[in-house]
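Structure data (PDB, C-alpha atoms) from data-v7.pdb:
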```
MODEL        1
ATOM      1  CA  MET A1443      93.681  91.662  82.274  1.00  0.00           C
ATOM      2  CA  VAL A1444      93.506  93.761  85.437  1.00  0.00           C
ATOM      3  CA  PRO A1445      95.524  92.437  88.403  1.00  0.00           C
ATOM      4  CA  ARG A1446      93.763  91.187  91.507  1.00  0.00           C
ATOM      5  CA  SER A1447      95.012  90.733  95.034  1.00  0.00           C
ATOM      6  CA  ARG A1448      93.712  90.402  98.552  1.00  0.00           C
ATOM      7  CA  ARG A1449      94.378  93.870 100.000  1.00  0.00           C
ATOM      8  CA  LEU A1450      94.462  96.082  96.918  1.00  0.00           C
ATOM      9  CA  VAL A1451      92.235  97.345  94.109  1.00  0.00           C
ATOM     10  CA  TYR A1452      93.700  97.952  90.642  1.00  0.00           C
ATOM     11  CA  ARG A1453      92.370 100.037  87.788  1.00  0.00           C
ATOM     12  CA  PRO A1454      93.951 100.948  84.464  1.00  0.00           C
ATOM     13  CA  VAL A1455      95.609 104.361  84.342  1.00  0.00           C
ATOM     14  CA  LEU A1456      93.473 106.346  81.891  1.00  0.00           C
ATOM     15  CA  PRO A1457      93.613 109.966  80.670  1.00  0.00           C
ATOM     16  CA  ALA A1458      90.951 110.888  83.252  1.00  0.00           C
ATOM     17  CA  ASP A1459      93.440 109.782  85.937  1.00  0.00           C
ATOM     18  CA  ALA A1460      96.170 112.200  84.835  1.00  0.00           C
ATOM     19  CA  ALA A1461      96.018 114.318  88.029  1.00  0.00           C
ATOM     20  CA  ASP A1462      96.184 111.291  90.372  1.00  0.00           C
ATOM     21  CA  PHE A1463      98.969 109.733  88.314  1.00  0.00           C
ATOM     22  CA  LEU A1464     100.970 112.979  88.227  1.00  0.00           C
ATOM     23  CA  ARG A1465     100.557 113.391  92.002  1.00  0.00           C
ATOM     24  CA  LEU A1466     102.129 109.953  92.460  1.00  0.00           C
ATOM     25  CA  LEU A1467     104.910 110.607  89.939  1.00  0.00           C
ATOM     26  CA  ARG A1468     105.821 113.845  91.741  1.00  0.00           C
ATOM     27  CA  ASP A1469     106.083 112.243  95.169  1.00  0.00           C
ATOM     28  CA  PRO A1470     109.758 112.463  96.236  1.00  0.00           C
ATOM     29  CA  HIS A1471     109.806 108.821  97.413  1.00  0.00           C
ATOM     30  CA  ILE A1472     108.423 107.510  94.116  1.00  0.00           C
ATOM     31  CA  ARG A1473     110.467 109.721  91.820  1.00  0.00           C
ATOM     32  CA  ALA A1474     113.727 109.100  93.700  1.00  0.00           C
ATOM     33  CA  TYR A1475     114.483 105.898  91.796  1.00  0.00           C
ATOM     34  CA  LEU A1476     111.708 105.506  89.265  1.00  0.00           C
ATOM     35  CA  LEU A1477     112.424 108.872  87.652  1.00  0.00           C
ATOM     36  CA  ASP A1478     116.015 109.372  88.815  1.00  0.00           C
ATOM     37  CA  GLY A1479     114.746 112.190  91.020  1.00  0.00           C
ATOM     38  CA  ALA A1480     113.365 114.275  88.156  1.00  0.00           C
ATOM     39  CA  VAL A1481     110.194 116.286  88.703  1.00  0.00           C
ATOM     40  CA  VAL A1482     107.929 115.583  85.743  1.00  0.00           C
ATOM     41  CA  ASP A1483     105.107 117.630  84.260  1.00  0.00           C
ATOM     42  CA  GLY A1484     101.635 116.894  82.976  1.00  0.00           C
ATOM     43  CA  ALA A1485     102.954 116.237  79.466  1.00  0.00           C
ATOM     44  CA  PHE A1486     105.171 113.420  80.798  1.00  0.00           C
ATOM     45  CA  SER A1487     102.203 111.955  82.651  1.00  0.00           C
ATOM     46  CA  ALA A1488     100.013 112.147  79.527  1.00  0.00           C
ATOM     47  CA  ARG A1489     102.709 110.409  77.419  1.00  0.00           C
ATOM     48  CA  ALA A1490     103.103 107.654  80.012  1.00  0.00           C
ATOM     49  CA  ILE A1491      99.330 107.104  80.058  1.00  0.00           C
ATOM     50  CA  ALA A1492      99.174 107.007  76.236  1.00  0.00           C
ATOM     51  CA  ASP A1493     102.118 104.573  76.187  1.00  0.00           C
ATOM     52  CA  SER A1494     100.282 102.394  78.696  1.00  0.00           C
ATOM     53  CA  GLU A1495      97.121 102.381  76.584  1.00  0.00           C
ATOM     54  CA  ARG A1496      99.188 101.327  73.532  1.00  0.00           C
ATOM     55  CA  LEU A1497     100.876  98.567  75.518  1.00  0.00           C
ATOM     56  CA  VAL A1498      97.487  97.287  76.715  1.00  0.00           C
ATOM     57  CA  ALA A1499      96.254  97.167  73.119  1.00  0.00           C
ATOM     58  CA  GLU A1500      99.441  95.413  72.009  1.00  0.00           C
ATOM     59  CA  CYS A1501     100.228  93.049  74.906  1.00  0.00           C
ATOM     60  CA  GLY A1502      97.255  93.096  77.273  1.00  0.00           C
ATOM     61  CA  VAL A1503      99.231  94.764  80.081  1.00  0.00           C
ATOM     62  CA  GLY A1504      99.997  98.353  81.018  1.00  0.00           C
ATOM     63  CA  LEU A1505      99.933 100.545  84.117  1.00  0.00           C
ATOM     64  CA  TRP A1506      97.389 100.324  86.929  1.00  0.00           C
ATOM     65  CA  LEU A1507      96.605 102.702  89.761  1.00  0.00           C
ATOM     66  CA  VAL A1508      96.514 100.928  93.103  1.00  0.00           C
ATOM     67  CA  SER A1509      94.270 101.757  96.074  1.00  0.00           C
ATOM     68  CA  GLY A1510      93.304 100.101  99.308  1.00  0.00           C
ATOM     69  CA  ARG A1511      90.034  98.155  99.432  1.00  0.00           C
ATOM     70  CA  LYS A1512      88.106 100.916 101.228  1.00  0.00           C
ATOM     71  CA  ALA A1513      85.750 102.589  98.713  1.00  0.00           C
ATOM     72  CA  GLY A1514      86.756 106.069  97.602  1.00  0.00           C
ATOM     73  CA  THR A1515      90.364 105.694  98.727  1.00  0.00           C
ATOM     74  CA  ALA A1516      92.906 107.763  96.787  1.00  0.00           C
ATOM     75  CA  PRO A1517      95.591 105.785  94.934  1.00  0.00           C
ATOM     76  CA  ILE A1518      98.576 104.808  97.090  1.00  0.00           C
ATOM     77  CA  GLY A1519     100.726 103.783  94.151  1.00  0.00           C
ATOM     78  CA  PHE A1520     100.833 102.230  90.726  1.00  0.00           C
ATOM     79  CA  CYS A1521     102.250  99.148  89.107  1.00  0.00           C
ATOM     80  CA  GLY A1522     102.321  97.281  85.841  1.00  0.00           C
ATOM     81  CA  PHE A1523     104.441  97.190  82.763  1.00  0.00           C
ATOM     82  CA  ARG A1524     106.153  99.825  80.664  1.00  0.00           C
ATOM     83  CA  ARG A1525     108.740  99.920  77.920  1.00  0.00           C
ATOM     84  CA  PHE A1526     111.957 101.705  78.846  1.00  0.00           C
ATOM     85  CA  PRO A1527     114.178 103.006  76.035  1.00  0.00           C
ATOM     86  CA  GLY A1528     117.613 101.434  76.112  1.00  0.00           C
ATOM     87  CA  LEU A1529     116.541  98.491  78.276  1.00  0.00           C
ATOM     88  CA  GLY A1530     115.164  96.130  75.639  1.00  0.00           C
ATOM     89  CA  ASP A1531     112.036  95.959  73.542  1.00  0.00           C
ATOM     90  CA  GLY A1532     109.664  94.137  75.855  1.00  0.00           C
ATOM     91  CA  PRO A1533     107.567  95.515  78.673  1.00  0.00           C
ATOM     92  CA  GLN A1534     109.214  95.682  82.085  1.00  0.00           C
ATOM     93  CA  LEU A1535     107.610  95.283  85.480  1.00  0.00           C
ATOM     94  CA  LEU A1536     107.510  98.349  87.705  1.00  0.00           C
ATOM     95  CA  TYR A1537     105.835  99.227  90.975  1.00  0.00           C
ATOM     96  CA  ALA A1538     105.756 102.306  93.167  1.00  0.00           C
ATOM     97  CA  LEU A1539     104.125 103.139  96.478  1.00  0.00           C
ATOM     98  CA  LEU A1540     103.775 106.286  98.536  1.00  0.00           C
ATOM     99  CA  PRO A1541     106.079 106.098 101.579  1.00  0.00           C
ATOM    100  CA  GLU A1542     103.207 105.610 104.024  1.00  0.00           C
ATOM    101  CA  ALA A1543     102.227 102.421 102.153  1.00  0.00           C
ATOM    102  CA  THR A1544     105.669 100.800 102.269  1.00  0.00           C
ATOM    103  CA  GLY A1545     106.936  98.151 104.661  1.00  0.00           C
ATOM    104  CA  ARG A1546     103.744  96.067 104.636  1.00  0.00           C
ATOM    105  CA  GLY A1547     104.422  93.686 101.748  1.00  0.00           C
ATOM    106  CA  LEU A1548     102.233  95.647  99.318  1.00  0.00           C
ATOM    107  CA  ALA A1549     104.950  95.926  96.646  1.00  0.00           C
ATOM    108  CA  THR A1550     105.312  92.137  96.674  1.00  0.00           C
ATOM    109  CA  GLU A1551     101.530  91.754  96.506  1.00  0.00           C
ATOM    110  CA  MET A1552     101.406  94.181  93.561  1.00  0.00           C
ATOM    111  CA  GLY A1553     104.271  92.388  91.804  1.00  0.00           C
ATOM    112  CA  LEU A1554     102.647  88.974  92.170  1.00  0.00           C
ATOM    113  CA  ALA A1555      99.362  90.366  90.859  1.00  0.00           C
ATOM    114  CA  CYS A1556     101.118  91.977  87.865  1.00  0.00           C
ATOM    115  CA  VAL A1557     102.993  88.795  86.987  1.00  0.00           C
ATOM    116  CA  ALA A1558      99.735  86.810  87.178  1.00  0.00           C
ATOM    117  CA  ALA A1559      97.986  89.399  84.979  1.00  0.00           C
ATOM    118  CA  ALA A1560     100.821  89.261  82.436  1.00  0.00           C
ATOM    119  CA  ARG A1561     100.676  85.476  82.268  1.00  0.00           C
ATOM    120  CA  ALA A1562      96.863  85.583  81.959  1.00  0.00           C
ATOM    121  CA  ALA A1563      97.251  88.088  79.109  1.00  0.00           C
ATOM    122  CA  GLY A1564      99.419  85.570  77.259  1.00  0.00           C
ATOM    123  CA  LEU A1565     102.921  86.879  78.023  1.00  0.00           C
ATOM    124  CA  ALA A1566     104.501  83.458  78.429  1.00  0.00           C
ATOM    125  CA  GLY A1567     108.101  84.492  77.736  1.00  0.00           C
ATOM    126  CA  PRO A1568     110.531  85.878  80.276  1.00  0.00           C
ATOM    127  CA  LEU A1569     109.397  88.990  82.133  1.00  0.00           C
ATOM    128  CA  ARG A1570     111.944  91.706  82.819  1.00  0.00           C
ATOM    129  CA  ALA A1571     112.600  94.447  85.349  1.00  0.00           C
ATOM    130  CA  ALA A1572     115.390  96.921  86.065  1.00  0.00           C
ATOM    131  CA  VAL A1573     116.405  98.447  89.391  1.00  0.00           C
ATOM    132  CA  ASP A1574     118.917 101.142  90.282  1.00  0.00           C
ATOM    133  CA  ALA A1575     121.688  99.442  92.269  1.00  0.00           C
ATOM    134  CA  PRO A1576     121.063 101.419  95.507  1.00  0.00           C
ATOM    135  CA  ASN A1577     117.345 100.496  95.524  1.00  0.00           C
ATOM    136  CA  ARG A1578     117.782  97.361  97.633  1.00  0.00           C
ATOM    137  CA  ALA A1579     114.112  97.230  98.660  1.00  0.00           C
ATOM    138  CA  ALA A1580     112.999  96.872  95.024  1.00  0.00           C
ATOM    139  CA  ALA A1581     115.663  94.206  94.434  1.00  0.00           C
ATOM    140  CA  ARG A1582     114.371  92.236  97.443  1.00  0.00           C
ATOM    141  CA  VAL A1583     110.827  92.382  96.066  1.00  0.00           C
ATOM    142  CA  LEU A1584     112.004  91.082  92.692  1.00  0.00           C
ATOM    143  CA  ALA A1585     113.811  88.200  94.403  1.00  0.00           C
ATOM    144  CA  LYS A1586     110.607  87.298  96.279  1.00  0.00           C
ATOM    145  CA  LEU A1587     108.777  87.271  92.927  1.00  0.00           C
ATOM    146  CA  GLY A1588     111.312  84.827  91.459  1.00  0.00           C
ATOM    147  CA  PHE A1589     113.220  87.311  89.285  1.00  0.00           C
ATOM    148  CA  ARG A1590     116.941  86.643  88.891  1.00  0.00           C
ATOM    149  CA  PRO A1591     119.765  89.073  88.105  1.00  0.00           C
ATOM    150  CA  VAL A1592     120.829  88.730  84.447  1.00  0.00           C
ATOM    151  CA  GLY A1593     123.122  91.699  83.933  1.00  0.00           C
ATOM    152  CA  GLU A1594     123.609  95.390  84.465  1.00  0.00           C
ATOM    153  CA  THR A1595     123.977  98.652  82.612  1.00  0.00           C
ATOM    154  CA  SER A1596     125.854 101.764  83.617  1.00  0.00           C
ATOM    155  CA  GLY A1597     125.428 105.461  83.114  1.00  0.00           C
ATOM    156  CA  GLY A1598     122.175 106.057  84.971  1.00  0.00           C
ATOM    157  CA  ALA A1599     121.665 108.686  87.636  1.00  0.00           C
ATOM    158  CA  PHE A1600     122.746 106.163  90.294  1.00  0.00           C
ATOM    159  CA  GLY A1601     125.511 104.525  88.247  1.00  0.00           C
ATOM    160  CA  THR A1602     124.611 100.889  87.770  1.00  0.00           C
ATOM    161  CA  THR A1603     121.166  99.568  86.908  1.00  0.00           C
ATOM    162  CA  GLN A1604     120.633  95.898  87.714  1.00  0.00           C
ATOM    163  CA  LEU A1605     118.666  93.910  85.120  1.00  0.00           C
ATOM    164  CA  TYR A1606     116.372  91.085  86.242  1.00  0.00           C
ATOM    165  CA  GLU A1607     114.377  88.393  84.519  1.00  0.00           C
ATOM    166  CA  LEU A1608     111.600  86.018  85.534  1.00  0.00           C
ATOM    167  CA  PRO A1609     111.867  82.849  83.446  1.00  0.00           C
ATOM    168  CA  ALA A1610     109.210  81.999  80.914  1.00  0.00           C
ATOM    169  CA  SER A1611     106.066  80.269  82.165  1.00  0.00           C
ATOM    170  CA  GLY A1612     106.958  76.720  83.051  1.00  0.00           C
ATOM    171  CA  GLY A1613     110.670  77.625  82.984  1.00  0.00           C
ATOM    172  CA  SER A1614     113.073  77.111  85.816  1.00  0.00           C
TER     173      SER A1614
ENDMDL
END
```
Would you put the structure from the file into structure tokens?
Amino acid sequence: MVPRSRRLVYRPVLPADAADFLRLLRDPHIRAYLLDGAVVDGAFSARAIADSERLVAECGVGLWLVSGRKAGTAPIGFCGFRRFPGLGDGPQLLYALLPEATGRGLATEMGLACVAAARAAGLAGPLRAAVDAPNRAAARVLAKLGFRPVGETSGGAFGTTQLYELPASGGS
């Protein structure tokens, strides 16, 4: 199930999108928290795309490139679900935008669209996300989406990682 929202267009991240995806992953704003500042290579991008394709086959959700509605617009970010080693077995929500696309509510729009896509794909249980403690903007977005803090881990590049959960469909 591909997300849908009013201002954005979503498309699955596929091997043919490796260059666009890598360009986003290498952006200093995106990699600051999402990749703990690391500069990744094409092999990382290819693995992430393959992992996304497996997750789509398994759960119906994965990663999507996000663009504005104007035809031919380059991706301004990506969102979706990914498994993160050491943070549980299930897929976790993530979203990232280029700095020029921030501050307009697009991350919240992407998050709502991803949650709706996950529910439509049959993921009725709790949805999870993790945010580095200093990334207050991402924590605010999760709160707007209805995610609640459920714990934390330590030892990441920024010290503490806050763990969040959105209750199961129909849960409170």
Can you build me a table of range 1457-1485 of chain A residues sitting at most 12 Å from range 1601-1604 of chain A, with the closest atom pair per residue and its distance in Å to one decimal, using only C-alpha atoms, sorted by chain and residue number, as a tab-separated table?
```
residue	atom	partner	partner_atom	distance
A:Tyr1475	CA	A:Thr1603	CA	10.4
A:Leu1476	CA	A:Thr1603	CA	11.4
A:Asp1478	CA	A:Gly1601	CA	10.7
```
Contact residues around Val1498 in chain A with all atoms listed in the file at 12 Å, ignoring same-chain residues under 2 positions, as a list in words: Met1443, Val1444, Pro1454, Val1455, Leu1456, Ile1491, Ala1492, Asp1493, Ser1494, Glu1495, Arg1496, Glu1500, Cys1501, Gly1502, Val1503, Gly1504, Leu1505, Trp1506, Gly1522, Phe1523, Arg1524, Arg1525, Pro1533, Ala1559, Ala1560, Ala1563, Gly1564 and Leu1565 of chain A
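Each of A:Ser1509, A:Ala1558, A:Arg1570, A:Gly1479 was checked against Phe1526 in chain A using all atoms listed in the file; the smallest atom-to-atom distance is that of A:Arg1570.
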Expected answer as a ChimeraX atom specification: all residues with atoms within 8 Å of (116.6, 104.0, 98.8), all atoms listed in the file: /A:1474-1475,1576-1579
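CA of Phe1600 in chain A is found 25.7 Å from CA of Pro1568 in chain A.
Candidate residues A:Cys1556, A:Ala1543, A:Ala1580, A:Ala1516 were compared for distance to Ala1461 in chain A, and the nearest is A:Ala1516, using only C-alpha atoms.
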Non-local contacts of Leu1467 in chain A (8 Å; only C-alpha atoms; under 6 positions in same chain excluded) as number ranges by chain: A: 1473, 1481-1482, 1487
Selected residues written out with C-alpha atoms, as a compact mmCIF listing (two decimals), in the coordinates of the input:
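Below is the file again-v7.txt, written as the result:
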```txt
# COMPACT_ATOMS: atom_id res chain seq x y z
CA ARG A 1473 110.47 109.72 91.82
CA VAL A 1481 110.19 116.29 88.70
CA VAL A 1482 107.93 115.58 85.74
CA SER A 1487 102.20 111.96 82.65
```
Let me have the centre and edge lengths of the axis-aligned box enclosing all listed atoms of range 1473-1480 of chain A with 8 Å padding on every side, in Å to one decimal, as JSON.
```
{"center_x": 113.2, "center_y": 109.9, "center_z": 90.7, "size_x": 21.5, "size_y": 24.8, "size_z": 22.0}
```
Separation of CA of Phe1589 in chain A from CA of Ala1572 in chain A in Å: 10.4 Å
Neighbours of point (101.6, 102.8, 90.8) within 7 Å, using all atoms listed in the file, written as a PyMOL selection string: chain A and resi 1506-1508+1519-1521+1537-1539
Residue subset to file, keeping C-alpha atoms, as a PDB file, keeping the file's coordinate frame:
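New file selection08.pdb:
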```pdb
ATOM      1  CA  TRP A1506      97.389 100.324  86.929  1.00  0.00           C
ATOM      2  CA  LEU A1507      96.605 102.702  89.761  1.00  0.00           C
ATOM      3  CA  VAL A1508      96.514 100.928  93.103  1.00  0.00           C
ATOM      4  CA  GLY A1519     100.726 103.783  94.151  1.00  0.00           C
ATOM      5  CA  PHE A1520     100.833 102.230  90.726  1.00  0.00           C
ATOM      6  CA  CYS A1521     102.250  99.148  89.107  1.00  0.00           C
ATOM      7  CA  TYR A1537     105.835  99.227  90.975  1.00  0.00           C
ATOM      8  CA  ALA A1538     105.756 102.306  93.167  1.00  0.00           C
ATOM      9  CA  LEU A1539     104.125 103.139  96.478  1.00  0.00           C
TER      10      LEU A1539
END
```
